[in-house]
Amino acid sequence: MTDLTTLDPYVRKYVHETTSALESAFLPDAMNRIVPVLLRARTEDRTIFFFGNGGSASLASHFVTDIAKVAGGTESRGKGHRFRCLALNDNVPGLTAWANDTEYARVFSGQLRALAEKGDVVVAISGSGNSPNVLDAVRVAKELGLATIGLTGIGGGKLKDMVDVPVVVPSNSMQHTEDLHLVICHLLTAYLRDEQPSVPR
């Protein structure tokens, strides 16, 4: 039988590190800076574009599902009372076209140039904060007049200095960074669901 004597202390250490990062002051600050941007986007019927690579791409897709359906999917909500959002990494044909015909660094920025309008919002997700295609998309978003939010960790990389609202998980672990990005996703979803806008009758 495999010796698992190191498993329990490893689990305790992992949980302790995740909890320590979660309990730091960054989370309330992040919520206070992100929520007004998303509420404005809802009120003004703006599009929120999410994107990332790998695990961050999965989170972008997850985020869009939760924000669009859970936080704004009730039938009573119409224009200005629900979230219009899109995960750019879900467009596989578009991704492959941009990557094949130009370069992988433009797979998100190319789509933004075609789809985004001034006043829209981007949520850029990169654990390292240094993904070239994420950074290029943020650069284009700023050029187009979009509000920019960045979810990152491991010091924040270049992303933290490029976006309007940087959210840097205080951890040098990619796993803990992605753990807390998911917590942020679910916390925002729950708050935006329960923060009921007034709907004219």
# chains A, B, ... in the order shown; residues from 1 in each chain; ligands from 1
$ closest_atom_pairs --of "stretch 29-116 of chain A" --to "stretch 169-184 of chain A" --cutoff "9 Å" --atoms "only C-alpha atoms" --output "tab-separated table"
residue	atom	partner	partner_atom	distance
A:Ala30	CA	A:Ile184	CA	8.6
A:Met31	CA	A:Ile184	CA	8.0
A:Gly55	CA	A:Glu178	CA	7.5
A:Ser56	CA	A:Glu178	CA	7.5
A:Leu59	CA	A:Leu182	CA	6.9
A:His62	CA	A:Leu182	CA	8.8
A:Phe63	CA	A:Leu182	CA	8.4
$ residues_around --residues "A:Ser61" --least-positions-apart "6" --cutoff "9 Å" --atoms "only C-alpha atoms" --output "PyMOL selection string"
chain A and resi 50-51+86-90
$ residues_around --residues "A:Asn32" --least-positions-apart "4" --cutoff "12 Å" --atoms "only C-alpha atoms" --output "PyMOL selection string"
chain A and resi 25-28+36-39+165-167+184+187-188+191
$ write_last_selection --atoms "N, CA and C atoms" --output "PDB file, in the first residue's frame"
ATOM      1  N   ALA A  25      -6.631  41.724   3.482  1.00  0.00           N
ATOM      2  CA  ALA A  25      -7.482  42.885   3.194  1.00  0.00           C
ATOM      3  C   ALA A  25      -7.798  43.055   1.715  1.00  0.00           C
ATOM      4  N   PHE A  26      -7.150  42.284   0.842  1.00  0.00           N
ATOM      5  CA  PHE A  26      -7.327  42.515  -0.592  1.00  0.00           C
ATOM      6  C   PHE A  26      -8.755  42.245  -1.054  1.00  0.00           C
ATOM      7  N   LEU A  27      -9.456  41.298  -0.427  1.00  0.00           N
ATOM      8  CA  LEU A  27     -10.766  40.876  -0.929  1.00  0.00           C
ATOM      9  C   LEU A  27     -11.849  41.950  -0.749  1.00  0.00           C
ATOM     10  N   PRO A  28     -12.036  42.524   0.444  1.00  0.00           N
ATOM     11  CA  PRO A  28     -13.023  43.609   0.552  1.00  0.00           C
ATOM     12  C   PRO A  28     -12.687  44.784  -0.359  1.00  0.00           C
ATOM     13  N   PRO A  36     -18.927  48.527  -8.374  1.00  0.00           N
ATOM     14  CA  PRO A  36     -19.453  49.709  -9.064  1.00  0.00           C
ATOM     15  C   PRO A  36     -19.268  49.669 -10.582  1.00  0.00           C
ATOM     16  N   VAL A  37     -18.158  49.077 -11.037  1.00  0.00           N
ATOM     17  CA  VAL A  37     -17.912  48.981 -12.478  1.00  0.00           C
ATOM     18  C   VAL A  37     -18.942  48.066 -13.130  1.00  0.00           C
ATOM     19  N   LEU A  38     -19.226  46.939 -12.487  1.00  0.00           N
ATOM     20  CA  LEU A  38     -20.188  45.994 -13.048  1.00  0.00           C
ATOM     21  C   LEU A  38     -21.621  46.531 -12.962  1.00  0.00           C
ATOM     22  N   LEU A  39     -21.934  47.226 -11.878  1.00  0.00           N
ATOM     23  CA  LEU A  39     -23.273  47.810 -11.765  1.00  0.00           C
ATOM     24  C   LEU A  39     -23.494  48.887 -12.823  1.00  0.00           C
ATOM     25  N   VAL A 165      -8.684  48.610 -12.505  1.00  0.00           N
ATOM     26  CA  VAL A 165      -8.939  47.955 -11.224  1.00  0.00           C
ATOM     27  C   VAL A 165      -8.125  46.671 -11.152  1.00  0.00           C
ATOM     28  N   PRO A 166      -6.930  46.712 -10.542  1.00  0.00           N
ATOM     29  CA  PRO A 166      -6.138  45.501 -10.402  1.00  0.00           C
ATOM     30  C   PRO A 166      -6.524  44.741  -9.130  1.00  0.00           C
ATOM     31  N   VAL A 167      -6.713  43.440  -9.258  1.00  0.00           N
ATOM     32  CA  VAL A 167      -7.002  42.585  -8.102  1.00  0.00           C
ATOM     33  C   VAL A 167      -5.891  41.539  -8.044  1.00  0.00           C
ATOM     34  N   ILE A 184     -13.754  34.951  -5.764  1.00  0.00           N
ATOM     35  CA  ILE A 184     -14.178  36.278  -6.211  1.00  0.00           C
ATOM     36  C   ILE A 184     -15.365  36.167  -7.174  1.00  0.00           C
ATOM     37  N   LEU A 187     -18.416  35.166  -5.101  1.00  0.00           N
ATOM     38  CA  LEU A 187     -18.807  36.252  -4.211  1.00  0.00           C
ATOM     39  C   LEU A 187     -19.503  37.362  -4.990  1.00  0.00           C
ATOM     40  N   LEU A 188     -18.939  37.729  -6.130  1.00  0.00           N
ATOM     41  CA  LEU A 188     -19.571  38.743  -6.974  1.00  0.00           C
ATOM     42  C   LEU A 188     -20.933  38.280  -7.472  1.00  0.00           C
ATOM     43  N   TYR A 191     -23.438  38.472  -4.582  1.00  0.00           N
ATOM     44  CA  TYR A 191     -23.794  39.852  -4.237  1.00  0.00           C
ATOM     45  C   TYR A 191     -24.665  40.482  -5.317  1.00  0.00           C
TER      46      TYR A 191
END
$ residues_around --residues "A:Ala124" --least-positions-apart "4" --cutoff "7 Å" --atoms "only C-alpha atoms" --output "PyMOL selection string"
chain A and resi 50-52+134+149-151
$ write_last_selection --atoms "N, CA and C atoms" --output "PDB file, in the first residue's frame"
ATOM      1  N   PHE A  50     -14.944  38.853 -20.866  1.00  0.00           N
ATOM      2  CA  PHE A  50     -14.056  38.099 -19.990  1.00  0.00           C
ATOM      3  C   PHE A  50     -13.095  37.283 -20.856  1.00  0.00           C
ATOM      4  N   PHE A  51     -11.862  37.101 -20.396  1.00  0.00           N
ATOM      5  CA  PHE A  51     -10.933  36.243 -21.139  1.00  0.00           C
ATOM      6  C   PHE A  51      -9.734  35.850 -20.283  1.00  0.00           C
ATOM      7  N   GLY A  52      -9.127  34.727 -20.664  1.00  0.00           N
ATOM      8  CA  GLY A  52      -7.930  34.217 -19.991  1.00  0.00           C
ATOM      9  C   GLY A  52      -7.480  32.955 -20.686  1.00  0.00           C
ATOM     10  N   VAL A 134      -3.379  38.349 -23.103  1.00  0.00           N
ATOM     11  CA  VAL A 134      -4.198  39.100 -22.145  1.00  0.00           C
ATOM     12  C   VAL A 134      -3.730  40.551 -22.095  1.00  0.00           C
ATOM     13  N   ILE A 149     -10.644  45.618 -15.747  1.00  0.00           N
ATOM     14  CA  ILE A 149     -10.448  44.948 -14.459  1.00  0.00           C
ATOM     15  C   ILE A 149      -9.479  43.797 -14.698  1.00  0.00           C
ATOM     16  N   GLY A 150      -8.521  43.606 -13.814  1.00  0.00           N
ATOM     17  CA  GLY A 150      -7.567  42.516 -13.970  1.00  0.00           C
ATOM     18  C   GLY A 150      -7.520  41.646 -12.734  1.00  0.00           C
ATOM     19  N   LEU A 151      -7.742  40.343 -12.900  1.00  0.00           N
ATOM     20  CA  LEU A 151      -7.583  39.383 -11.807  1.00  0.00           C
ATOM     21  C   LEU A 151      -6.253  38.679 -11.999  1.00  0.00           C
TER      22      LEU A 151
END
$ residues_around --residues "A:Val140" --least-positions-apart "2" --cutoff "8 Å" --atoms "only C-alpha atoms" --output "PyMOL selection string"
chain A and resi 109+112-113+136-138+142-144
$ select_by_dssp --residues "stretch 24-200 of chain A" --states "strand (DSSP E or B)" --output "PDB file with N, CA and C atoms, in the first residue's frame"
ATOM      1  N   THR A  47     -21.503  45.808 -22.588  1.00  0.00           N
ATOM      2  CA  THR A  47     -21.023  44.431 -22.672  1.00  0.00           C
ATOM      3  C   THR A  47     -19.780  44.280 -21.801  1.00  0.00           C
ATOM      4  N   ILE A  48     -19.724  43.169 -21.060  1.00  0.00           N
ATOM      5  CA  ILE A  48     -18.564  42.841 -20.244  1.00  0.00           C
ATOM      6  C   ILE A  48     -17.861  41.660 -20.908  1.00  0.00           C
ATOM      7  N   PHE A  49     -16.615  41.861 -21.305  1.00  0.00           N
ATOM      8  CA  PHE A  49     -15.839  40.819 -21.974  1.00  0.00           C
ATOM      9  C   PHE A  49     -14.877  40.179 -20.978  1.00  0.00           C
ATOM     10  N   PHE A  50     -14.944  38.853 -20.866  1.00  0.00           N
ATOM     11  CA  PHE A  50     -14.056  38.099 -19.990  1.00  0.00           C
ATOM     12  C   PHE A  50     -13.095  37.283 -20.856  1.00  0.00           C
ATOM     13  N   PHE A  51     -11.862  37.101 -20.396  1.00  0.00           N
ATOM     14  CA  PHE A  51     -10.933  36.243 -21.139  1.00  0.00           C
ATOM     15  C   PHE A  51      -9.734  35.850 -20.283  1.00  0.00           C
ATOM     16  N   GLY A  52      -9.127  34.727 -20.664  1.00  0.00           N
ATOM     17  CA  GLY A  52      -7.930  34.217 -19.991  1.00  0.00           C
ATOM     18  C   GLY A  52      -7.480  32.955 -20.686  1.00  0.00           C
ATOM     19  N   ARG A  84     -24.971  41.794 -19.703  1.00  0.00           N
ATOM     20  CA  ARG A  84     -24.657  41.324 -21.044  1.00  0.00           C
ATOM     21  C   ARG A  84     -23.160  41.042 -21.063  1.00  0.00           C
ATOM     22  N   CYS A  85     -22.804  39.778 -21.167  1.00  0.00           N
ATOM     23  CA  CYS A  85     -21.386  39.435 -21.062  1.00  0.00           C
ATOM     24  C   CYS A  85     -21.012  38.279 -21.990  1.00  0.00           C
ATOM     25  N   LEU A  86     -19.702  38.187 -22.247  1.00  0.00           N
ATOM     26  CA  LEU A  86     -19.187  37.252 -23.242  1.00  0.00           C
ATOM     27  C   LEU A  86     -17.780  36.818 -22.850  1.00  0.00           C
ATOM     28  N   ALA A  87     -17.511  35.519 -22.937  1.00  0.00           N
ATOM     29  CA  ALA A  87     -16.159  35.002 -22.708  1.00  0.00           C
ATOM     30  C   ALA A  87     -15.480  34.831 -24.064  1.00  0.00           C
ATOM     31  N   VAL A 121     -16.737  46.937 -20.793  1.00  0.00           N
ATOM     32  CA  VAL A 121     -15.829  46.534 -19.708  1.00  0.00           C
ATOM     33  C   VAL A 121     -15.094  45.260 -20.098  1.00  0.00           C
ATOM     34  N   VAL A 122     -13.823  45.153 -19.724  1.00  0.00           N
ATOM     35  CA  VAL A 122     -13.119  43.885 -19.866  1.00  0.00           C
ATOM     36  C   VAL A 122     -12.682  43.391 -18.488  1.00  0.00           C
ATOM     37  N   VAL A 123     -12.789  42.089 -18.296  1.00  0.00           N
ATOM     38  CA  VAL A 123     -12.262  41.428 -17.110  1.00  0.00           C
ATOM     39  C   VAL A 123     -11.178  40.476 -17.600  1.00  0.00           C
ATOM     40  N   ALA A 124      -9.933  40.881 -17.407  1.00  0.00           N
ATOM     41  CA  ALA A 124      -8.779  40.114 -17.879  1.00  0.00           C
ATOM     42  C   ALA A 124      -8.270  39.246 -16.741  1.00  0.00           C
ATOM     43  N   ILE A 125      -8.115  37.953 -17.005  1.00  0.00           N
ATOM     44  CA  ILE A 125      -7.712  37.016 -15.950  1.00  0.00           C
ATOM     45  C   ILE A 125      -6.387  36.359 -16.337  1.00  0.00           C
ATOM     46  N   ALA A 147     -13.479  50.181 -19.787  1.00  0.00           N
ATOM     47  CA  ALA A 147     -13.037  50.040 -18.400  1.00  0.00           C
ATOM     48  C   ALA A 147     -12.362  48.676 -18.262  1.00  0.00           C
ATOM     49  N   THR A 148     -11.301  48.604 -17.464  1.00  0.00           N
ATOM     50  CA  THR A 148     -10.530  47.368 -17.385  1.00  0.00           C
ATOM     51  C   THR A 148     -10.356  46.895 -15.944  1.00  0.00           C
ATOM     52  N   ILE A 149     -10.644  45.618 -15.747  1.00  0.00           N
ATOM     53  CA  ILE A 149     -10.448  44.948 -14.459  1.00  0.00           C
ATOM     54  C   ILE A 149      -9.479  43.797 -14.698  1.00  0.00           C
ATOM     55  N   GLY A 150      -8.521  43.606 -13.814  1.00  0.00           N
ATOM     56  CA  GLY A 150      -7.567  42.516 -13.970  1.00  0.00           C
ATOM     57  C   GLY A 150      -7.520  41.646 -12.734  1.00  0.00           C
ATOM     58  N   LEU A 151      -7.742  40.343 -12.900  1.00  0.00           N
ATOM     59  CA  LEU A 151      -7.583  39.383 -11.807  1.00  0.00           C
ATOM     60  C   LEU A 151      -6.253  38.679 -11.999  1.00  0.00           C
ATOM     61  N   THR A 152      -5.379  38.780 -11.005  1.00  0.00           N
ATOM     62  CA  THR A 152      -4.058  38.196 -11.126  1.00  0.00           C
ATOM     63  C   THR A 152      -3.547  37.763  -9.755  1.00  0.00           C
ATOM     64  N   VAL A 165      -8.684  48.610 -12.505  1.00  0.00           N
ATOM     65  CA  VAL A 165      -8.939  47.955 -11.224  1.00  0.00           C
ATOM     66  C   VAL A 165      -8.125  46.671 -11.152  1.00  0.00           C
ATOM     67  N   PRO A 166      -6.930  46.712 -10.542  1.00  0.00           N
ATOM     68  CA  PRO A 166      -6.138  45.501 -10.402  1.00  0.00           C
ATOM     69  C   PRO A 166      -6.524  44.741  -9.130  1.00  0.00           C
ATOM     70  N   VAL A 167      -6.713  43.440  -9.258  1.00  0.00           N
ATOM     71  CA  VAL A 167      -7.002  42.585  -8.102  1.00  0.00           C
ATOM     72  C   VAL A 167      -5.891  41.539  -8.044  1.00  0.00           C
ATOM     73  N   VAL A 168      -4.989  41.712  -7.095  1.00  0.00           N
ATOM     74  CA  VAL A 168      -3.813  40.848  -6.998  1.00  0.00           C
ATOM     75  C   VAL A 168      -3.948  39.952  -5.776  1.00  0.00           C
TER      76      VAL A 168
END
$ select_by_dssp --residues "chain A" --states "helix (DSSP H, G or I)" --output "PyMOL selection string"
chain A and resi 7-22+26-43+55-70+88-90+92-101+104-106+109-115+132-144+159-161+174-194
$ write_last_selection --atoms "C-alpha atoms" --output "short mmCIF file (atom, residue, chain, number, x, y, z; two decimals), in the first residue's frame"
data_model
loop_
_atom_site.label_atom_id
_atom_site.label_comp_id
_atom_site.auth_asym_id
_atom_site.auth_seq_id
_atom_site.Cartn_x
_atom_site.Cartn_y
_atom_site.Cartn_z
CA LEU A 7 -0.90 13.70 2.93
CA ASP A 8 -2.63 15.08 6.03
CA PRO A 9 0.03 17.70 6.82
CA TYR A 10 0.09 18.68 3.14
CA VAL A 11 -3.68 19.19 3.17
CA ARG A 12 -3.50 21.26 6.36
CA LYS A 13 -0.69 23.39 4.93
CA TYR A 14 -2.59 23.97 1.66
CA VAL A 15 -5.79 24.95 3.48
CA HIS A 16 -3.87 27.25 5.84
CA GLU A 17 -2.15 29.03 2.96
CA THR A 18 -5.41 29.46 1.05
CA THR A 19 -7.24 30.72 4.14
CA SER A 20 -4.46 33.18 4.97
CA ALA A 21 -4.67 34.69 1.50
CA LEU A 22 -8.47 34.76 1.64
CA PHE A 26 -7.33 42.51 -0.59
CA LEU A 27 -10.77 40.88 -0.93
CA PRO A 28 -13.02 43.61 0.55
CA ASP A 29 -11.00 46.20 -1.36
CA ALA A 30 -11.42 44.22 -4.58
CA MET A 31 -15.19 43.97 -4.11
CA ASN A 32 -15.51 47.69 -3.40
CA ARG A 33 -13.69 48.52 -6.62
CA ILE A 34 -15.21 45.88 -8.95
CA VAL A 35 -18.89 46.06 -8.00
CA PRO A 36 -19.45 49.71 -9.06
CA VAL A 37 -17.91 48.98 -12.48
CA LEU A 38 -20.19 45.99 -13.05
CA LEU A 39 -23.27 47.81 -11.76
CA ARG A 40 -22.58 50.69 -14.15
CA ALA A 41 -22.23 48.21 -17.00
CA ARG A 42 -25.60 46.71 -16.08
CA THR A 43 -27.34 50.06 -15.79
CA GLY A 55 -7.53 27.64 -15.97
CA SER A 56 -8.23 31.35 -16.35
CA ALA A 57 -10.14 30.64 -19.58
CA SER A 58 -12.23 28.13 -17.68
CA LEU A 59 -12.90 30.73 -15.01
CA ALA A 60 -13.86 33.32 -17.64
CA SER A 61 -16.47 30.90 -19.03
CA HIS A 62 -17.67 30.08 -15.51
CA PHE A 63 -17.87 33.77 -14.61
CA VAL A 64 -19.99 34.57 -17.67
CA THR A 65 -22.39 31.74 -16.91
CA ASP A 66 -22.85 32.84 -13.31
CA ILE A 67 -23.08 36.58 -13.91
CA ALA A 68 -25.43 36.28 -16.90
CA LYS A 69 -27.73 33.60 -15.50
CA VAL A 70 -27.55 33.66 -11.71
CA LEU A 88 -13.84 35.62 -25.67
CA ASN A 89 -12.02 32.32 -25.09
CA ASP A 90 -15.26 30.42 -25.82
CA VAL A 92 -12.87 28.51 -30.60
CA PRO A 93 -13.18 29.18 -34.38
CA GLY A 94 -12.33 32.82 -33.76
CA LEU A 95 -9.39 31.92 -31.54
CA THR A 96 -7.93 29.55 -34.12
CA ALA A 97 -8.49 32.03 -36.95
CA TRP A 98 -6.69 34.86 -35.16
CA ALA A 99 -3.91 32.55 -33.98
CA ASN A 100 -3.41 31.00 -37.43
CA ASP A 101 -3.74 34.14 -39.54
CA TYR A 104 -1.65 33.95 -30.70
CA ALA A 105 -1.02 37.20 -28.85
CA ARG A 106 -3.93 38.77 -30.78
CA SER A 109 -7.51 41.84 -28.89
CA GLY A 110 -8.64 41.00 -32.44
CA GLN A 111 -12.08 40.07 -31.17
CA LEU A 112 -12.29 43.18 -29.01
CA ARG A 113 -11.59 45.42 -31.99
CA ALA A 114 -14.53 43.82 -33.80
CA LEU A 115 -17.00 43.64 -30.92
CA PRO A 132 0.95 38.22 -23.81
CA ASN A 133 -2.53 37.82 -25.31
CA VAL A 134 -4.20 39.10 -22.14
CA LEU A 135 -1.88 42.11 -22.01
CA ASP A 136 -2.44 42.90 -25.69
CA ALA A 137 -6.20 42.76 -25.18
CA VAL A 138 -5.98 45.14 -22.23
CA ARG A 139 -3.84 47.52 -24.29
CA VAL A 140 -6.48 47.52 -27.05
CA ALA A 141 -9.29 47.87 -24.49
CA LYS A 142 -7.68 51.02 -23.10
CA GLU A 143 -7.22 52.33 -26.63
CA LEU A 144 -10.93 51.76 -27.34
CA LEU A 159 -1.24 43.36 -15.75
CA LYS A 160 -1.61 45.11 -12.40
CA ASP A 161 -0.18 48.35 -13.75
CA MET A 174 -0.84 29.54 -9.02
CA GLN A 175 -3.21 27.11 -7.29
CA HIS A 176 -4.06 29.51 -4.46
CA THR A 177 -4.37 32.36 -6.93
CA GLU A 178 -6.88 30.43 -9.03
CA ASP A 179 -8.70 29.24 -5.87
CA LEU A 180 -9.29 32.83 -4.84
CA HIS A 181 -10.22 33.96 -8.34
CA LEU A 182 -13.07 31.45 -8.16
CA VAL A 183 -14.06 32.77 -4.73
CA ILE A 184 -14.18 36.28 -6.21
CA CYS A 185 -16.36 34.98 -9.05
CA HIS A 186 -18.84 33.37 -6.68
CA LEU A 187 -18.81 36.25 -4.21
CA LEU A 188 -19.57 38.74 -6.97
CA THR A 189 -22.28 36.49 -8.38
CA ALA A 190 -23.96 36.13 -4.99
CA TYR A 191 -23.79 39.85 -4.24
CA LEU A 192 -25.02 40.93 -7.66
CA ARG A 193 -27.85 38.40 -7.43
CA ASP A 194 -28.96 39.65 -4.03
#
$ atom_distance --atom1 "atom CA of A:Ile154" --atom2 "atom CA of A:Thr6"
26.0 Å
$ atom_distance --atom1 "atom CA of A:Met162" --atom2 "atom CA of A:Gly129"
9.9 Å
$ closest_residue --among "A:Phe83, A:Asp3, A:Ser126, A:Ser131" --to "A:Gly153" --atoms "only C-alpha atoms"
A:Ser126
$ atom_distance --atom1 "atom CA of A:Glu117" --atom2 "atom CA of A:Gly72"
21.2 Å
